[in-house]
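> Got a structure for you, written out below as structure tokens; questions coming shortly.
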Amino acid sequence: MKNTSYLLIDEDVLPEVYQKVVHVNQLLETGEASNTSEAVKLAGISRSVYYKYKNAVFPYTKKETGSIMTVQVVLIDKPGVLVNLLTVFYKANANILTINQNIPVKGKAFVSVSARSENMSIEVDELLKRLFEVQGVIKIDSIVG
């Protein structure tokens, strides 16, 4: 099993391609682009570059809220997917504060989960790994905390 670690890096020192990948995700999420081809064209990167980094680059916004984290996820619209996602939080001993789910569009549902993380039994990187393993999770858009 690969030991994954995460870095928090000032975006000004990174190659522009990473910012463009985040921009493509935002275009798709907001509906400004109707598909990946259109979004990468608007952002000015190739589809192959986007697919290489789409599951590895996330926006991070620091909040001054103590130990509250918010995870934004895109799920397949099938029964049981959301409850399986929430079970990961439960098993990690995260105290779920809010759950927001948009009406599914084209078989995908955008979900935002906020939880207190100070009493979690696992680290945030392990929580993310387990969330990615939930069947029906398409992608994790961002982590705020």
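Residues are referred to by chain and number: the chain letter is A, B, ... according to the order shown in the structure tokens, the number counts from 1 in that chain, and ligands are numbered separately from 1 in the order shown.
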Would you kindly return, as a PyMOL selection string, each protein, DNA or RNA residue with an atom no farther than 9 Å from any atom of Ile45 in chain A, considering only C-alpha atoms and excluding same-chain residues fewer than 6 positions away?

chain A and resi 17+20-21+24+39

> Save the residues we just selected, C-alpha atoms, as a PDB file, in the first residue's frame?


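File part21.pdb, as written:
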ATOM      1  CA  VAL A  17      -0.917  24.049 -14.894  1.00  0.00           C
ATOM      2  CA  LYS A  20      -5.622  25.593 -14.462  1.00  0.00           C
ATOM      3  CA  VAL A  21      -6.669  22.113 -13.322  1.00  0.00           C
ATOM      4  CA  VAL A  24     -11.311  23.374 -15.003  1.00  0.00           C
ATOM      5  CA  ALA A  39     -13.593  23.346 -19.785  1.00  0.00           C
TER       6      ALA A  39
END

> Nearest to Leu75 in chain A: which of A:Lys106, A:Arg130, A:Lys139, A:Arg116 is it, counting only C-alpha atoms?

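Checking each of A:Lys106, A:Arg130, A:Lys139, A:Arg116 against Leu75 in chain A, counting only C-alpha atoms, the winner is A:Lys139.
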
> Nearest to Val111 in chain A: which of A:Lys91, A:Glu29, A:Ser46, A:Gln135 is it, counting only C-alpha atoms?

A:Glu29

> When distances are computed from only C-alpha atoms, which of A:Tyr6, A:Phe89, A:Tyr50, A:Tyr60 shows the smallest separation from Met120 in chain A?

A:Phe89

> Any chance you could list, as JSON, numbers by chain, the residues in chain A that come up alpha helix (DSSP H) when DSSP is run on the backbone?

{"A": [16, 17, 18, 19, 20, 21, 22, 23, 24, 25, 26, 27, 28, 29, 30, 36, 37, 38, 39, 40, 41, 42, 43, 47, 48, 49, 50, 51, 52, 53, 81, 82, 83, 84, 85, 86, 87, 88, 89, 90, 91, 124, 125, 126, 127, 128, 129, 130, 131, 132, 133]}

> Which of chain A end up as strand (DSSP E) when DSSP is run on this backbone - answer as a PyMOL selection string?

chain A and resi 60-61+68-76+95-101+108-116+137-144

> Which residues are near Glu16 in chain A? Cut-off 12 Å, only C-alpha atoms, ignore same chain within fewer than 4 positions. Put them as JSON, numbers by chain.

{"A": [10, 11, 12, 20, 21, 22, 23, 43, 44, 45, 49]}

> Can you list, as a PyMOL selection string, every protein, DNA or RNA residue that comes within 8 Å of Ala92 in chain A when you count only C-alpha atoms, leaving out same-chain residues fewer than 4 positions away?

chain A and resi 88+120-122+127

> With N, CA, C and O atoms retained, could you export that selection as a short mmCIF file (atom, residue, chain, number, x, y, z; two decimals), in the first residue's frame?


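Result file part.cif:
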data_model
loop_
_atom_site.label_atom_id
_atom_site.label_comp_id
_atom_site.auth_asym_id
_atom_site.auth_seq_id
_atom_site.Cartn_x
_atom_site.Cartn_y
_atom_site.Cartn_z
N VAL A 88 -18.02 6.62 6.62
CA VAL A 88 -16.57 6.83 6.76
C VAL A 88 -16.31 7.89 7.83
O VAL A 88 -15.44 7.72 8.69
N MET A 120 -11.18 12.92 15.92
CA MET A 120 -11.10 11.84 14.93
C MET A 120 -10.05 10.82 15.33
O MET A 120 -9.00 11.16 15.87
N SER A 121 -10.35 9.57 15.03
CA SER A 121 -9.44 8.48 15.37
C SER A 121 -8.37 8.25 14.31
O SER A 121 -7.47 7.44 14.51
N ILE A 122 -8.47 8.96 13.18
CA ILE A 122 -7.49 8.84 12.10
C ILE A 122 -7.10 10.24 11.63
O ILE A 122 -7.78 11.22 11.93
N LEU A 127 -8.51 9.79 6.25
CA LEU A 127 -9.94 10.00 5.99
C LEU A 127 -10.16 10.21 4.49
O LEU A 127 -11.05 9.60 3.89
#

> Tell me, in Å to one decimal, how far CA of Gln72 in chain A is from CA of Val13 in chain A.

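CA of Gln72 in chain A sits 25.3 Å away from CA of Val13 in chain A.
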